[in-house]
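input-v3.txt follows (compact mmCIF, C-alpha atoms and all ligand atoms):
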```
# COMPACT_ATOMS: atom_id res chain seq x y z
CA MET A 1 96.55 44.75 112.02
CA THR A 2 95.74 48.04 113.70
CA LYS A 3 97.83 48.52 116.84
CA PHE A 4 96.35 48.78 120.34
CA ASN A 5 96.99 52.50 120.86
CA THR A 6 95.23 53.28 117.60
CA LEU A 7 92.29 51.07 118.52
CA LEU A 8 91.92 52.96 121.82
CA VAL A 9 91.44 56.23 119.99
CA ARG A 10 89.81 55.09 116.78
CA GLY A 11 88.21 51.72 117.52
CA GLY A 12 84.57 50.84 116.89
CA LYS A 13 82.86 51.70 113.67
CA PRO A 14 79.93 54.08 113.69
CA ASP A 15 77.85 52.83 110.80
CA ASP A 16 74.95 55.26 110.68
CA ASN A 17 76.71 58.59 110.98
CA HIS A 18 76.06 60.67 107.89
CA THR A 19 77.36 64.02 109.16
CA GLY A 20 81.10 63.51 109.25
CA ALA A 21 81.16 63.95 113.03
CA VAL A 22 84.32 62.23 114.31
CA ASN A 23 82.52 60.86 117.35
CA VAL A 24 79.50 58.64 117.52
CA PRO A 25 76.49 60.76 118.49
CA ILE A 26 74.71 60.16 121.80
CA TYR A 27 71.52 58.53 120.56
CA ASN A 28 68.87 59.50 123.06
CA SER A 29 66.24 57.24 121.67
CA SER A 30 64.65 54.38 123.51
CA THR A 31 62.81 53.20 120.41
CA TYR A 32 63.39 53.09 116.63
CA ARG A 33 61.03 53.43 113.70
CA TYR A 34 60.19 50.48 111.49
CA PRO A 35 59.96 51.63 107.83
CA LYS A 36 57.08 49.21 107.50
CA LEU A 37 55.61 46.30 109.35
CA GLY A 38 57.91 43.33 109.12
CA SER A 39 61.01 45.37 108.14
CA ASP A 40 64.31 43.90 109.24
CA VAL A 41 65.63 46.79 111.38
CA ARG A 42 69.13 46.98 112.91
CA TRP A 43 67.89 48.75 116.04
CA ASP A 44 64.43 48.51 117.52
CA TYR A 45 64.62 49.24 121.26
CA GLU A 46 67.39 50.62 123.45
CA ARG A 47 67.70 47.70 125.85
CA SER A 48 68.33 45.42 122.87
CA GLY A 49 70.82 47.78 121.23
CA ASN A 50 71.77 51.45 120.96
CA PRO A 51 74.31 52.82 118.46
CA THR A 52 76.24 54.77 121.10
CA ARG A 53 76.47 51.74 123.33
CA ASP A 54 77.20 49.42 120.41
CA ASN A 55 80.18 51.59 119.54
CA VAL A 56 81.82 51.34 122.95
CA GLU A 57 80.98 47.63 123.10
CA ASN A 58 82.76 47.15 119.76
CA VAL A 59 85.78 49.13 120.96
CA CYS A 60 86.06 46.89 124.04
CA ALA A 61 85.75 43.72 121.95
CA GLU A 62 88.58 44.95 119.70
CA LEU A 63 90.79 45.93 122.65
CA GLU A 64 90.38 42.49 124.25
CA ASN A 65 90.69 40.54 120.96
CA GLY A 66 87.27 39.10 121.74
CA ASP A 67 84.20 38.15 119.75
CA ARG A 68 81.81 40.67 121.24
CA GLY A 69 81.56 43.32 123.96
CA PHE A 70 78.67 44.15 126.28
CA ALA A 71 78.24 47.31 128.34
CA PHE A 72 76.32 47.36 131.62
CA SER A 73 75.22 50.02 134.08
CA SER A 74 77.86 48.98 136.63
CA GLY A 75 80.60 46.44 137.19
CA MET A 76 78.22 44.50 139.46
CA ALA A 77 75.59 44.40 136.71
CA ALA A 78 78.20 42.87 134.38
CA ILE A 79 79.21 40.33 137.05
CA HIS A 80 75.55 39.48 137.70
CA ALA A 81 75.01 38.87 133.98
CA ALA A 82 78.16 36.70 133.73
CA LEU A 83 77.19 34.58 136.74
CA SER A 84 73.66 34.25 135.36
CA LEU A 85 75.12 31.87 132.77
CA PHE A 86 74.81 29.20 135.48
CA LYS A 87 71.87 27.29 136.92
CA PRO A 88 70.98 25.66 140.24
CA GLY A 89 73.26 22.71 140.95
CA ASP A 90 76.21 24.17 139.04
CA HIS A 91 79.43 24.63 140.99
CA ILE A 92 81.76 27.57 140.53
CA ILE A 93 85.24 27.99 141.96
CA ILE A 94 85.88 31.60 142.98
CA GLY A 95 89.02 33.37 144.11
CA ASP A 96 89.15 33.74 147.91
CA ASN A 97 90.05 37.42 147.72
CA ILE A 98 87.61 38.78 145.15
CA TYR A 99 85.82 42.13 145.26
CA GLY A 100 83.49 42.49 148.28
CA GLY A 101 80.46 43.27 146.13
CA THR A 102 81.00 40.05 144.20
CA PHE A 103 81.11 38.06 147.47
CA ARG A 104 77.85 39.74 148.48
CA LEU A 105 76.23 38.76 145.16
CA VAL A 106 77.49 35.20 145.59
CA ASN A 107 76.52 34.77 149.25
CA ASP A 108 73.28 36.72 149.48
CA PHE A 109 71.84 36.20 146.01
CA LEU A 110 73.32 33.28 144.06
CA LYS A 111 73.84 30.70 146.83
CA PRO A 112 70.22 30.96 148.02
CA ARG A 113 69.25 30.26 144.39
CA GLY A 114 71.07 26.94 144.36
CA ILE A 115 74.38 27.74 142.70
CA LYS A 116 77.31 26.28 144.64
CA PHE A 117 80.61 28.04 145.21
CA SER A 118 84.01 27.13 146.63
CA GLU A 119 86.51 29.79 147.58
CA VAL A 120 90.08 29.02 146.60
CA ASP A 121 93.41 30.83 146.60
CA THR A 122 93.72 30.86 142.80
CA GLN A 123 97.46 31.52 143.02
CA ASN A 124 97.74 28.00 144.42
CA ILE A 125 97.20 25.74 141.40
CA GLN A 126 97.23 22.57 143.49
CA ALA A 127 94.43 23.93 145.70
CA LEU A 128 92.57 24.87 142.53
CA GLU A 129 92.91 21.34 141.11
CA GLU A 130 91.52 19.89 144.32
CA ALA A 131 88.44 22.13 144.29
CA PHE A 132 86.93 20.72 141.09
CA THR A 133 83.82 18.54 141.36
CA PRO A 134 81.88 16.87 138.52
CA GLU A 135 79.49 19.86 138.71
CA THR A 136 82.18 22.54 138.35
CA LYS A 137 81.22 24.76 135.43
CA ALA A 138 83.54 27.74 135.89
CA VAL A 139 86.49 29.34 137.64
CA TYR A 140 85.99 33.02 138.47
CA PHE A 141 88.87 35.12 139.72
CA GLU A 142 90.61 38.49 139.68
CA THR A 143 94.03 38.75 138.06
CA VAL A 144 95.25 41.19 140.72
CA THR A 145 93.44 41.14 144.05
CA ASN A 146 92.38 43.96 146.28
CA PRO A 147 93.88 45.22 148.58
CA LEU A 148 96.94 42.92 148.76
CA LEU A 149 97.68 42.88 145.00
CA LYS A 150 98.14 39.11 144.76
CA VAL A 151 98.46 37.95 141.16
CA SER A 152 96.86 34.83 139.67
CA SER A 153 97.92 33.25 136.40
CA VAL A 154 95.33 33.34 133.62
CA LYS A 155 97.42 30.84 131.63
CA GLN A 156 97.72 28.21 134.35
CA ILE A 157 94.16 28.55 135.61
CA SER A 158 92.76 28.35 132.06
CA LYS A 159 94.75 25.21 131.37
CA VAL A 160 93.49 23.46 134.51
CA ALA A 161 89.89 24.67 134.09
CA HIS A 162 89.69 23.59 130.47
CA GLU A 163 90.99 20.13 131.38
CA HIS A 164 87.90 19.94 133.59
CA ASP A 165 85.58 21.38 130.89
CA ALA A 166 85.00 24.47 133.02
CA MET A 167 84.98 27.99 131.63
CA VAL A 168 87.25 30.77 132.85
CA ILE A 169 85.88 34.15 133.90
CA VAL A 170 88.36 36.91 134.72
CA ASP A 171 87.67 40.22 136.44
CA ASN A 172 90.51 42.30 135.01
CA THR A 173 89.46 45.69 136.41
CA PHE A 174 92.92 46.35 137.90
CA LEU A 175 94.98 45.73 134.75
CA THR A 176 92.70 46.66 131.82
CA PRO A 177 93.39 45.41 128.26
CA TYR A 178 96.23 47.92 128.01
CA LEU A 179 98.30 45.84 130.41
CA GLN A 180 96.85 42.38 129.90
CA LYS A 181 94.48 40.58 127.55
CA PRO A 182 93.09 37.55 129.41
CA LEU A 183 91.28 36.13 126.35
CA ASP A 184 94.65 35.83 124.58
CA LEU A 185 95.96 33.92 127.62
CA GLY A 186 93.15 31.37 127.61
CA ALA A 187 90.18 32.94 129.45
CA ASP A 188 86.68 32.61 127.99
CA LEU A 189 85.11 35.76 129.39
CA VAL A 190 86.75 38.93 130.70
CA LEU A 191 84.87 41.57 132.62
CA HIS A 192 85.60 44.97 134.12
CA SER A 193 84.25 47.53 136.44
CA ALA A 194 84.63 50.28 133.83
CA THR A 195 83.85 52.69 136.67
CA LYS A 196 87.57 52.42 137.40
CA TYR A 197 90.41 52.69 134.82
CA LEU A 198 88.39 52.34 131.61
CA GLY A 199 86.15 55.28 132.51
CA GLY A 200 88.98 56.77 134.50
CA HIS A 201 87.45 60.00 135.79
CA SER A 202 85.17 59.12 138.76
CA ASP A 203 82.18 60.50 136.88
CA MET A 204 80.12 57.41 136.07
CA THR A 205 79.59 53.73 136.78
CA ALA A 206 79.80 51.08 134.07
CA GLY A 207 80.61 47.42 133.54
CA ILE A 208 82.02 45.58 130.54
CA ILE A 209 81.99 41.95 129.43
CA VAL A 210 83.96 40.66 126.45
CA THR A 211 83.49 37.07 125.26
CA ARG A 212 85.86 34.85 123.31
CA THR A 213 83.43 32.77 121.26
CA LYS A 214 80.29 33.47 119.27
CA GLU A 215 78.47 30.76 121.23
CA LEU A 216 79.18 32.53 124.51
CA SER A 217 78.40 35.94 122.99
CA ASP A 218 74.91 34.77 122.06
CA LYS A 219 74.27 33.59 125.62
CA VAL A 220 75.56 36.81 127.19
CA TYR A 221 73.54 38.91 124.75
CA THR A 222 70.37 37.08 125.77
CA LEU A 223 71.19 37.72 129.45
CA GLN A 224 72.04 41.38 128.90
CA ASN A 225 68.77 41.91 127.07
CA SER A 226 66.74 39.82 129.53
CA ILE A 227 68.12 41.19 132.80
CA GLY A 228 68.28 44.66 131.33
CA ALA A 229 71.04 46.45 133.28
CA ILE A 230 72.37 48.17 130.16
CA LEU A 231 74.69 51.16 129.99
CA ALA A 232 72.83 54.38 129.09
CA PRO A 233 73.97 56.25 125.93
CA GLN A 234 75.32 59.26 127.88
CA GLU A 235 77.45 56.96 130.01
CA ALA A 236 78.50 54.96 126.94
CA ASN A 237 79.83 58.20 125.48
CA LEU A 238 81.76 59.03 128.68
CA LEU A 239 83.24 55.55 128.63
CA ARG A 240 84.28 55.94 124.97
CA ARG A 241 85.98 59.20 125.91
CA GLY A 242 87.76 57.69 128.90
CA ILE A 243 89.02 54.74 126.89
CA GLN A 244 90.69 57.02 124.32
CA THR A 245 93.30 58.07 126.90
CA LEU A 246 93.67 54.76 128.76
CA ASN A 247 97.24 54.24 127.53
CA LEU A 248 98.46 57.69 128.59
CA ARG A 249 96.72 57.55 131.95
CA MET A 250 97.88 54.03 132.76
CA ASP A 251 101.50 54.86 131.89
CA ARG A 252 101.38 57.85 134.25
CA HIS A 253 99.60 55.88 137.00
CA ILE A 254 102.44 53.36 136.87
CA VAL A 255 105.25 55.95 136.82
CA ASN A 256 103.69 57.73 139.81
CA ALA A 257 103.08 54.45 141.67
CA LYS A 258 106.73 53.47 141.26
CA LYS A 259 107.96 56.83 142.58
CA ILE A 260 105.67 56.52 145.59
CA ILE A 261 106.80 52.95 146.24
CA LYS A 262 110.44 54.14 146.28
CA TYR A 263 109.51 56.80 148.79
CA LEU A 264 107.48 54.38 150.98
CA GLU A 265 110.28 51.81 151.02
CA ARG A 266 112.57 54.41 152.57
CA SER A 267 110.05 55.54 155.20
CA ASP A 268 110.63 54.40 158.79
CA LYS A 269 106.85 54.53 159.41
CA VAL A 270 106.07 51.88 156.79
CA GLY A 271 106.25 48.16 157.50
CA ARG A 272 105.50 46.59 154.15
CA VAL A 273 104.57 47.71 150.65
CA TYR A 274 102.25 45.57 148.51
CA TYR A 275 102.62 45.84 144.74
CA PRO A 276 103.22 42.93 142.35
CA THR A 277 106.73 44.01 141.36
CA VAL A 278 108.23 44.94 144.76
CA ASP A 279 109.48 41.43 145.54
CA LYS A 280 111.37 40.11 142.54
CA ASN A 281 111.35 36.60 144.05
CA SER A 282 107.57 36.42 144.43
CA ILE A 283 105.08 34.40 142.38
CA ASP A 284 103.26 37.69 141.77
CA TYR A 285 106.29 39.15 140.04
CA ALA A 286 106.86 36.02 137.94
CA ILE A 287 103.26 36.00 136.69
CA ILE A 288 103.10 39.74 136.01
CA LYS A 289 106.36 39.58 134.04
CA ASP A 290 105.07 36.68 131.98
CA GLU A 291 101.43 37.67 131.42
CA ALA A 292 101.12 41.46 131.68
CA ARG A 293 102.90 44.62 130.57
CA GLY A 294 102.73 46.25 133.98
CA ALA A 295 101.09 46.02 137.39
CA GLY A 296 98.80 49.06 137.33
CA GLY A 297 98.30 52.02 139.63
CA VAL A 298 97.02 50.56 142.89
CA LEU A 299 99.34 49.80 145.81
CA SER A 300 98.91 49.11 149.50
CA PHE A 301 101.18 49.59 152.46
CA GLU A 302 101.17 48.82 156.16
CA LEU A 303 102.05 51.37 158.76
CA LYS A 304 104.37 49.94 161.40
CA ASP A 305 102.43 48.15 164.16
CA GLY A 306 100.56 50.48 166.47
CA LEU A 307 100.68 53.51 164.18
CA ASP A 308 97.25 55.04 163.66
CA ALA A 309 95.93 54.61 160.09
CA ALA A 310 92.92 56.82 160.83
CA LYS A 311 95.13 59.67 161.96
CA PHE A 312 97.32 59.21 158.91
CA VAL A 313 94.55 59.31 156.31
CA ASN A 314 92.76 62.13 158.11
CA SER A 315 95.98 64.14 157.85
CA LEU A 316 96.23 63.85 154.07
CA GLN A 317 95.37 67.08 152.31
CA LEU A 318 95.77 66.38 148.58
CA ILE A 319 95.05 62.64 148.40
CA ILE A 320 91.32 62.07 148.79
CA LEU A 321 89.89 59.69 151.40
CA ALA A 322 87.43 57.66 149.31
CA VAL A 323 86.75 54.14 148.07
CA SER A 324 87.06 53.29 144.37
CA LEU A 325 90.20 53.40 142.24
CA GLY A 326 91.51 53.99 138.76
CA ALA A 327 90.68 57.69 138.79
CA ALA A 328 92.57 60.77 137.63
CA GLU A 329 92.76 61.92 141.26
CA SER A 330 94.60 59.91 143.92
CA LEU A 331 92.29 58.07 146.31
CA VAL A 332 93.22 56.51 149.63
CA GLU A 333 91.26 54.15 151.83
CA VAL A 334 91.71 52.00 154.93
CA PRO A 335 90.33 48.55 153.94
CA ALA A 336 89.70 47.41 157.54
CA PHE A 337 87.39 50.37 158.11
CA MET A 338 86.04 50.98 154.60
CA SER A 339 86.02 48.49 151.69
CA HIS A 340 86.47 45.39 153.86
CA PHE A 341 84.63 46.56 157.00
CA GLU A 342 81.84 43.98 156.54
CA ILE A 343 84.30 41.09 156.94
CA PRO A 344 84.56 40.01 160.62
CA LYS A 345 87.91 41.08 162.09
CA PRO A 346 89.35 37.55 162.65
CA ASP A 347 88.60 36.65 159.01
CA ARG A 348 90.03 39.95 157.84
CA LEU A 349 93.25 39.38 159.76
CA ALA A 350 93.46 35.83 158.39
CA MET A 351 93.24 37.36 154.90
CA GLY A 352 96.21 39.57 155.80
CA ILE A 353 94.24 42.81 156.12
CA LYS A 354 95.50 44.54 159.25
CA ASP A 355 94.04 47.72 160.73
CA GLU A 356 97.28 49.46 159.68
CA LEU A 357 96.84 48.59 156.00
CA ILE A 358 96.28 51.51 153.64
CA ARG A 359 95.33 51.24 149.97
CA LEU A 360 96.31 53.94 147.56
CA SER A 361 94.96 54.36 144.04
CA VAL A 362 97.68 56.53 142.58
CA GLY A 363 96.32 59.29 140.36
CA LEU A 364 97.74 61.50 137.66
CA GLU A 365 98.90 64.42 139.80
CA ASP A 366 102.58 65.40 140.02
CA ALA A 367 104.28 62.60 141.98
CA ASP A 368 106.28 65.16 143.99
CA ASP A 369 103.06 66.68 145.33
CA LEU A 370 101.68 63.26 146.24
CA ILE A 371 104.90 62.36 148.05
CA ALA A 372 104.93 65.71 149.87
CA ASP A 373 101.37 65.03 151.03
CA LEU A 374 102.28 61.55 152.30
CA ASP A 375 105.35 63.01 153.96
CA GLN A 376 103.49 65.67 155.94
CA ALA A 377 100.88 63.08 157.03
CA PHE A 378 103.61 60.65 158.22
CA LYS A 379 105.03 63.44 160.37
CA LYS A 380 101.67 63.70 162.20
CA ILE A 381 101.60 60.05 163.35
C1 LIG A 401 84.66 48.25 141.72
C2 LIG A 401 84.87 46.82 141.36
C3 LIG A 401 83.80 46.00 140.97
C4 LIG A 401 82.36 46.49 140.99
O1 LIG A 401 82.14 47.46 140.01
P1 LIG A 401 81.03 48.63 140.14
O2 LIG A 401 81.26 49.41 138.90
O3 LIG A 401 81.34 49.37 141.41
O4 LIG A 401 79.70 47.97 140.20
C5 LIG A 401 84.08 44.70 140.60
N1 LIG A 401 85.33 44.21 140.62
C6 LIG A 401 86.38 44.96 140.99
C7 LIG A 401 87.75 44.37 140.98
C8 LIG A 401 86.19 46.29 141.37
O5 LIG A 401 87.24 47.03 141.76
```

Starting from the coordinates I provided, produce the structure as structure tokens.
Ligand SMILES: *Cc1c(COP(=O)(O)O)cnc(C)c1O
Amino acid sequence: MTKFNTLLVRGGKPDDNHTGAVNVPIYNSSTYRYPKLGSDVRWDYERSGNPTRDNVENVCAELENGDRGFAFSSGMAAIHAALSLFKPGDHIIIGDNIYGGTFRLVNDFLKPRGIKFSEVDTQNIQALEEAFTPETKAVYFETVTNPLLKVSSVKQISKVAHEHDAMVIVDNTFLTPYLQKPLDLGADLVLHSATKYLGGHSDMTAGIIVTRTKELSDKVYTLQNSIGAILAPQEANLLRRGIQTLNLRMDRHIVNAKKIIKYLERSDKVGRVYYPTVDKNSIDYAIIKDEARGAGGVLSFELKDGLDAAKFVNSLQLIILAVSLGAAESLVEVPAFMSHFEIPKPDRLAMGIKDELIRLSVGLEDADDLIADLDQAFKKI
């Protein structure tokens, strides 16, 4: 079988390229000619299928060992399509620390339409067991949460969910198929914000779904085509290009993250560092060791109580103050004031997100330069 690193670079099979071009062309065509009325055509209309998009969808399916891939215009569009598998009265268990945009979709859009949700700490399998009702149709969670990098077990959650005839949906944006393949561990559907590591260059938004079974693929295809939030061919090409270097980028993200963690652990301005492998006695570490090849390139750290996170991030010169993650350039944000600002402060503190917490998406720059930048900013607080 072709190995993963080869699939990254060479996966997907362009099947209508007659020129010898090594890349799939960007097919800028919203519609396709029928040779004659009633002909059985492979492509007819872009929303239903486009060769450039098909290619990247096939690559993703191969990388995840899934049945079929689907590319959307954003991670949220992919999540919307996945959660559209359910109908009023269905109950879904969701992780209590999932992406803010997903909470917004759940609370402001899906709940008013009659789908029921319970929030659970999916690291706590007992709490998960207790959350099932006869109506529970799915468990939806993130393998590594944001910004505290808590790890949930795809294996254990899949086992429990399947005992209750519920499907398992995993947002694996933080790890990518290079570090973990949730479908191999028991999940039924894996999705990504490909805006992050899969795209990898902060130059587009995209979402990916990969399904395990043909039955599920057919349902997701109908939703993708019906709802219509497809990835455009230009973006599909950028995503293909990003994916080709996922292995190299992810390896460097991890090397840089580890160097920065070493530096932060020695700093007298830092209270605590959050990354799944820092505490070798933690559940996070045990799960990552068992189910993934690495913990990725995002870490968080707390400044010691009373130190000013705003002053710190405003003092950074190389590392960019911006939301998002998984990019070539290092990005820093203060969750309490940026990504998690909408959550009322008492709830935020209960979740463990202090005002002093800083999240860093470690980029591909020279680690020495990143550390020098952190160092000069620490000296200003
Ligand atoms: C960014 C993100 C999303 C949303 O993806 P968009 O591409 O921004 O729509 C979903 N889940 C996680 C974990 C994310 O980081």

Inset, instruction - Give me, please, the distance in Å between CA of Phe337 in chain A and CA of Ile353 in chain A, quoted to one decimal. - result: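 Going from CA of Phe337 in chain A over to CA of Ile353 in chain A, I get 10.4 Å.
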
Legend entry - Exercise answer, 9 Å around ligand LIG 401 (chain A) with all atoms listed in the file, as a VMD selection string: chain A and resid 73 to 79 98 to 102 142 to 146 171 to 174 191 to 196 204 to 207 323 to 326

Legend entry - Selection: 7 Å around Tyr32 in chain A, all atoms listed in the file, excl. self and same-chain fewer than 3 positions, as a ChimeraX atom specification: /A:43-45

Inset, instruction - Identify which of the residues A:Leu149, A:Thr52, A:Thr122, A:Ser202 lies closest to Ala161 in chain A, counting all atoms listed in the file when measuring atom-to-atom distances. - result: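 Smallest distance to Ala161 in chain A is found for A:Thr122.
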
Legend entry - Straight-line distance linking CA of Ile93 in chain A with CA of Ile157 in chain A, stated in Å to one decimal: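 Taking CA of Ile93 in chain A and CA of Ile157 in chain A, their separation equals 11.0 Å.
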
Inset, instruction - Measuring atom to atom with only C-alpha atoms, identify which of A:Glu302, A:Glu64, A:Asp96, A:Asp188 is nearest to Met351 in chain A. - result: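 The shortest atom-to-atom distance to Met351 in chain A comes from A:Asp96.
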
Inset, instruction - Counting only C-alpha atoms, figure out which residue out of A:Glu119, A:Asp290, A:Glu365, A:Asp67 gets nearest to Asn107 in chain A. - result: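 Of A:Glu119, A:Asp290, A:Glu365, A:Asp67, the one nearest Asn107 in chain A is A:Glu119, counting only C-alpha atoms.
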
Inset, instruction - Kindly indicate which residue among A:Phe4, A:Tyr274, A:Tyr285, A:Tyr197 lies nearest to Leu239 in chain A, using only C-alpha atoms for the distances. - result: A:Tyr197

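The spacing separating CA of Tyr27 in chain A from CA of Gln224 in chain A amounts to 19.1 Å.
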
Legend entry - Residue list as a PyMOL selection string for point (85.4, 35.3, 123.5), cut-off 10 Å, all atoms listed in the file: chain A and resi 61+64-69+182-184+186-190+209-217

Legend entry - Who sits within 10 Å of Arg10 in chain A, all atoms listed in the file, same chain under 2 positions skipped, as JSON, numbers by chain: {"A": [2, 4, 5, 6, 7, 8, 12, 13, 22, 23, 59, 240, 244]}

Within 12 Å of Met338 in chain A, counting all atoms listed in the file, which residues show up once you throw out same-chain ones fewer than 5 positions away? Write them as a PDB file with C-alpha atoms, in the frame of the given file, please.
```pdb
ATOM      1  CA  GLY A 100      83.490  42.490 148.280  1.00  0.00           C
ATOM      2  CA  PRO A 147      93.880  45.220 148.580  1.00  0.00           C
ATOM      3  CA  ALA A 309      95.930  54.610 160.090  1.00  0.00           C
ATOM      4  CA  ALA A 310      92.920  56.820 160.830  1.00  0.00           C
ATOM      5  CA  LEU A 321      89.890  59.690 151.400  1.00  0.00           C
ATOM      6  CA  ALA A 322      87.430  57.660 149.310  1.00  0.00           C
ATOM      7  CA  VAL A 323      86.750  54.140 148.070  1.00  0.00           C
ATOM      8  CA  SER A 324      87.060  53.290 144.370  1.00  0.00           C
ATOM      9  CA  VAL A 332      93.220  56.510 149.630  1.00  0.00           C
ATOM     10  CA  GLU A 333      91.260  54.150 151.830  1.00  0.00           C
ATOM     11  CA  ILE A 343      84.300  41.090 156.940  1.00  0.00           C
ATOM     12  CA  ILE A 353      94.240  42.810 156.120  1.00  0.00           C
ATOM     13  CA  ASP A 355      94.040  47.720 160.730  1.00  0.00           C
ATOM     14  CA  LEU A 357      96.840  48.590 156.000  1.00  0.00           C
ATOM     15  CA  ILE A 358      96.280  51.510 153.640  1.00  0.00           C
ATOM     16  CA  ARG A 359      95.330  51.240 149.970  1.00  0.00           C
TER      17      ARG A 359
END
```

Legend entry - Selection near Gly363 in chain A, 8 Å with only C-alpha atoms, sequence-local residues under 6 positions removed, as number ranges by chain: A: 253, 256, 297, 326-331

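Considering all atoms listed in the file, the residue among A:Ile261, A:Thr133, A:Leu37, A:Leu83 positioned nearest to Val170 in chain A is A:Leu83.
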
Inset, instruction - Can you work out which one of A:Ile381, A:Val313, A:Ala71, A:Ile125 has the shortest atom-to-atom distance to Gly228 in chain A, counting all atoms listed in the file? - result: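 Nearest candidate to Gly228 in chain A out of A:Ile381, A:Val313, A:Ala71, A:Ile125: A:Ala71.
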
Inset, instruction - Excluding Lys379 in chain A and residues on its chain fewer than 3 positions from it, collect all residues at most 12 Å away from it, counting only C-alpha atoms, and give them as a list of chain:residue names. - result: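 With the cut-off at 12 Å, the set is A:Ser267, A:Asp268, A:Lys269, A:Leu307, A:Asp308, A:Lys311, A:Phe312, A:Val313, A:Ser315, A:Leu316, A:Ala372, A:Asp373, A:Leu374, A:Asp375, A:Gln376.
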